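Q: Attaching a single structure in structure tokens format; questions to follow.
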Amino acid sequence: MKKTVLSLTVLAALALGTASAQTTIRIASLSPLSGGQSDLGTQIRNGTQLAVNEYKAQFKKLGFDLQLVPYDDQAEPATGTAAARKIAADRQILAVVGTLNSGVAIPSSAALLASHVAMVSPANTANQVTDRGLMNMNRIVARDDAQGGAGANFLATTLKAKKVYVLNDKTAYGEGLSGEVEKALKAKNVTVVASEGTEEKSDFSSIVAKIKLQNPDAVYFGGIYNQVGVFIKQLREAGVTTPVVGGDGLDSSELATIAGAGATNIYFTTVAAPIEALPAAKVFAASYQKTFNDTAQGFGAFGYDAAKVVLQGILNAARMNGNKVPSRTQVESAIRKGNYTGLLSGAVSFNSVGDRRAATMYVMNVTDGKYKLDSSINVKPAKQ
């Protein structure tokens, strides 16, 4: 008799667990939460969490328990791909917000493709991210071909550079971005005195010596703040005051901290607007500060927007599915076809390959460790 009661209890618990599993909907975030790029990766995760907090009530009305599962990709392609496989194996996860790095997004989205897990990126700019035409890969930021052109135009027009020394960090992001800048500079008859890749993180003395020898009007570095900050520090310590220009990988408050007294005469293009450039972001910034006891940055706001696109896409798919939990394929399709309003960065819709139909590039200036908006440029992908 005791065995029968026990069995019934176990069966009831299993049944309850199954019922609970059927009503739980999860989304994942995939970004570096540890290592040298965790400052930006944490912003993405936190922005995603705020969106989840806001949408919980809407999901609850449909009988769903909404949850966020954050994954740490450590800014490493292999780690991100391994996390993507774990995400694919968790059938409750219907979509992903991420990644920070294009070099992580490319293999991770490929690993999620067969499972139809949609990704919406708040940060990836490499052309290859969407040029592959994957149905599950989308982004709410401008591409490298837009960012590279904007960077080159700033170098040639605003800084009036005639000679530029180009560096990259040998990643898909850095190589792609600096390649676009180099191409656009040459089209403007600006001389690229050197173009090289480096994985160096601590001793840039040989590169600094070459820059001194070439005496360029500006240096362009396609890379991430944790590496470029050290480079700038050493460049300034060597007495070189030449402007350093980069892309959105420099968009972190940590850049000035790492560069120290050398954090001046720095410019970067970024796809993530500074909070003060987003009129709708005041409430978001206050909520971010209150929730995480930290200051919101651009990638926090874009993580929030990317998550809202994901969550609205899931709700759209659920409604089309009779208010039942939608399949991953239904979510993948709904996200790509949706029109999203009420976002901090403006309305979002995607073209056939997952690029945002209209985006904005921002040019930021760092002087004496202080960041300020220099200018903004509206851009569109070549394919609409």
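How things are named: the first chain in the structure tokens is A, the next is B, and so on; residues count from 1 in each chain; ligands count from 1 in the order shown.
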Wanna dump the range 98-157 of chain A-range 233-256 of chain A contacts at 9 Å for me, each residue with its shortest atom pair and the distance in Å to one decimal, counting only C-alpha atoms, ordered by chain and number, as a Markdown table?

A:
```
| residue | atom | partner | partner_atom | distance |
| --- | --- | --- | --- | --- |
| A:Asn101 | CA | A:Gly249 | CA | 8.8 |
| A:Ala123 | CA | A:Asp248 | CA | 8.4 |
| A:Thr125 | CA | A:Asp248 | CA | 8.9 |
| A:Gln147 | CA | A:Gly247 | CA | 7.3 |
| A:Gly148 | CA | A:Gly247 | CA | 8.0 |
| A:Gly151 | CA | A:Gly247 | CA | 7.4 |
| A:Leu155 | CA | A:Val245 | CA | 7.9 |
```

Q: Counting only C-alpha atoms, what is within 10 Å of Gly223 in chain A, bar same-chain residues fewer than 5 positions away, as a list of chain:residue names?

A: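 Those residues are A:Leu167, A:Asn168, A:Asp169, A:Lys170, A:Thr171, A:Ala172, A:Tyr173, A:Gly174, A:Glu175, A:Leu177, A:Ser178, A:Gly197, A:Thr198, A:Glu199, A:Val228, A:Gly229, A:Gly246, A:Gly247, A:Asp248, A:Gly249, A:Leu250.
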
Q: Would you mind exporting N, CA, C and O atoms of the selected residues as a PDB file, in the first residue's frame?

A:
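And here's selection-v8.pdb as it stands now:
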```pdb
ATOM      1  N   LEU A 167      45.008  49.758 -37.584  1.00  0.00           N
ATOM      2  CA  LEU A 167      45.248  48.548 -36.785  1.00  0.00           C
ATOM      3  C   LEU A 167      43.951  47.772 -36.615  1.00  0.00           C
ATOM      4  O   LEU A 167      42.862  48.349 -36.673  1.00  0.00           O
ATOM      5  N   ASN A 168      44.066  46.461 -36.387  1.00  0.00           N
ATOM      6  CA  ASN A 168      42.890  45.667 -36.005  1.00  0.00           C
ATOM      7  C   ASN A 168      43.317  44.586 -35.029  1.00  0.00           C
ATOM      8  O   ASN A 168      44.504  44.278 -34.888  1.00  0.00           O
ATOM      9  N   ASP A 169      42.335  44.015 -34.329  1.00  0.00           N
ATOM     10  CA  ASP A 169      42.638  43.039 -33.269  1.00  0.00           C
ATOM     11  C   ASP A 169      42.601  41.587 -33.736  1.00  0.00           C
ATOM     12  O   ASP A 169      42.581  40.669 -32.931  1.00  0.00           O
ATOM     13  N   LYS A 170      42.544  41.362 -35.043  1.00  0.00           N
ATOM     14  CA  LYS A 170      42.551  40.020 -35.645  1.00  0.00           C
ATOM     15  C   LYS A 170      41.303  39.206 -35.313  1.00  0.00           C
ATOM     16  O   LYS A 170      41.335  37.976 -35.358  1.00  0.00           O
ATOM     17  N   THR A 171      40.208  39.862 -34.964  1.00  0.00           N
ATOM     18  CA  THR A 171      38.932  39.165 -34.779  1.00  0.00           C
ATOM     19  C   THR A 171      38.035  39.468 -35.980  1.00  0.00           C
ATOM     20  O   THR A 171      38.337  40.364 -36.782  1.00  0.00           O
ATOM     21  N   ALA A 172      36.921  38.734 -36.083  1.00  0.00           N
ATOM     22  CA  ALA A 172      35.965  38.999 -37.173  1.00  0.00           C
ATOM     23  C   ALA A 172      35.484  40.435 -37.108  1.00  0.00           C
ATOM     24  O   ALA A 172      35.321  41.099 -38.140  1.00  0.00           O
ATOM     25  N   TYR A 173      35.279  40.922 -35.898  1.00  0.00           N
ATOM     26  CA  TYR A 173      34.826  42.309 -35.718  1.00  0.00           C
ATOM     27  C   TYR A 173      35.891  43.302 -36.152  1.00  0.00           C
ATOM     28  O   TYR A 173      35.671  44.156 -37.011  1.00  0.00           O
ATOM     29  N   GLY A 174      37.079  43.194 -35.560  1.00  0.00           N
ATOM     30  CA  GLY A 174      38.135  44.174 -35.810  1.00  0.00           C
ATOM     31  C   GLY A 174      38.619  44.174 -37.245  1.00  0.00           C
ATOM     32  O   GLY A 174      38.814  45.240 -37.849  1.00  0.00           O
ATOM     33  N   GLU A 175      38.825  42.983 -37.807  1.00  0.00           N
ATOM     34  CA  GLU A 175      39.289  42.890 -39.185  1.00  0.00           C
ATOM     35  C   GLU A 175      38.242  43.432 -40.159  1.00  0.00           C
ATOM     36  O   GLU A 175      38.559  44.159 -41.099  1.00  0.00           O
ATOM     37  N   LEU A 177      35.749  45.589 -39.558  1.00  0.00           N
ATOM     38  CA  LEU A 177      35.542  47.029 -39.415  1.00  0.00           C
ATOM     39  C   LEU A 177      36.709  47.820 -39.992  1.00  0.00           C
ATOM     40  O   LEU A 177      36.517  48.758 -40.782  1.00  0.00           O
ATOM     41  N   SER A 178      37.924  47.456 -39.633  1.00  0.00           N
ATOM     42  CA  SER A 178      39.080  48.205 -40.134  1.00  0.00           C
ATOM     43  C   SER A 178      39.215  48.043 -41.646  1.00  0.00           C
ATOM     44  O   SER A 178      39.660  48.972 -42.340  1.00  0.00           O
ATOM     45  N   GLY A 197      47.376  43.692 -38.179  1.00  0.00           N
ATOM     46  CA  GLY A 197      46.592  43.102 -37.106  1.00  0.00           C
ATOM     47  C   GLY A 197      47.488  42.737 -35.937  1.00  0.00           C
ATOM     48  O   GLY A 197      48.664  42.393 -36.130  1.00  0.00           O
ATOM     49  N   THR A 198      46.960  42.837 -34.735  1.00  0.00           N
ATOM     50  CA  THR A 198      47.732  42.467 -33.546  1.00  0.00           C
ATOM     51  C   THR A 198      46.828  41.872 -32.474  1.00  0.00           C
ATOM     52  O   THR A 198      45.730  42.368 -32.234  1.00  0.00           O
ATOM     53  N   GLU A 199      47.320  40.823 -31.845  1.00  0.00           N
ATOM     54  CA  GLU A 199      46.618  40.227 -30.696  1.00  0.00           C
ATOM     55  C   GLU A 199      47.288  40.638 -29.388  1.00  0.00           C
ATOM     56  O   GLU A 199      46.917  40.148 -28.320  1.00  0.00           O
ATOM     57  N   VAL A 228      42.494  48.274 -26.702  1.00  0.00           N
ATOM     58  CA  VAL A 228      42.791  49.596 -27.267  1.00  0.00           C
ATOM     59  C   VAL A 228      43.151  50.595 -26.159  1.00  0.00           C
ATOM     60  O   VAL A 228      43.993  51.474 -26.342  1.00  0.00           O
ATOM     61  N   GLY A 229      42.538  50.457 -24.985  1.00  0.00           N
ATOM     62  CA  GLY A 229      42.842  51.346 -23.865  1.00  0.00           C
ATOM     63  C   GLY A 229      44.302  51.258 -23.450  1.00  0.00           C
ATOM     64  O   GLY A 229      44.952  52.273 -23.179  1.00  0.00           O
ATOM     65  N   GLY A 246      38.207  54.781 -33.414  1.00  0.00           N
ATOM     66  CA  GLY A 246      37.826  53.371 -33.442  1.00  0.00           C
ATOM     67  C   GLY A 246      36.342  53.219 -33.665  1.00  0.00           C
ATOM     68  O   GLY A 246      35.636  54.180 -33.971  1.00  0.00           O
ATOM     69  N   GLY A 247      35.874  51.998 -33.485  1.00  0.00           N
ATOM     70  CA  GLY A 247      34.455  51.700 -33.643  1.00  0.00           C
ATOM     71  C   GLY A 247      33.781  51.492 -32.307  1.00  0.00           C
ATOM     72  O   GLY A 247      34.310  51.878 -31.255  1.00  0.00           O
ATOM     73  N   ASP A 248      32.628  50.828 -32.316  1.00  0.00           N
ATOM     74  CA  ASP A 248      31.821  50.693 -31.100  1.00  0.00           C
ATOM     75  C   ASP A 248      32.430  49.758 -30.065  1.00  0.00           C
ATOM     76  O   ASP A 248      31.947  49.695 -28.938  1.00  0.00           O
ATOM     77  N   GLY A 249      33.506  49.059 -30.427  1.00  0.00           N
ATOM     78  CA  GLY A 249      34.208  48.257 -29.435  1.00  0.00           C
ATOM     79  C   GLY A 249      34.871  49.113 -28.367  1.00  0.00           C
ATOM     80  O   GLY A 249      35.250  48.620 -27.311  1.00  0.00           O
ATOM     81  N   LEU A 250      35.004  50.413 -28.648  1.00  0.00           N
ATOM     82  CA  LEU A 250      35.580  51.344 -27.671  1.00  0.00           C
ATOM     83  C   LEU A 250      34.507  51.942 -26.763  1.00  0.00           C
ATOM     84  O   LEU A 250      34.812  52.711 -25.851  1.00  0.00           O
TER      85      LEU A 250
END
```

Q: Do you know which residues are at most 12 Å from Thr360 in chain A counting only C-alpha atoms, after dropping those on the same chain fewer than 3 positions away, and could you put them as a VMD selection string?

A: chain A and resid 140 to 143 146 to 147 150 269 to 274 277 to 278 345 to 348 356 to 357 363 375 to 381

Q: For the contact check between range 290-312 of chain A and range 22-44 of chain A, emit one row per residue of range 290-312 of chain A within 7 Å, containing the shortest atom pair and the distance in Å rounded to one decimal, counting only C-alpha atoms, chain then rising number order, as a Markdown table.

A:
```
| residue | atom | partner | partner_atom | distance |
| --- | --- | --- | --- | --- |
| A:Gln297 | CA | A:Gln43 | CA | 6.9 |
| A:Phe299 | CA | A:Ile44 | CA | 5.8 |
| A:Gly300 | CA | A:Gln43 | CA | 4.2 |
| A:Gly303 | CA | A:Ile44 | CA | 4.4 |
```

Q: Quick check for you: according to DSSP on this backbone, which residues of range 90-296 of chain A are classed as strand (DSSP E or B)? Reply as a ChimeraX atom specification.

A: /A:93-98,118-121,137-139,163-168,191-197,218-222,244-246,266-270
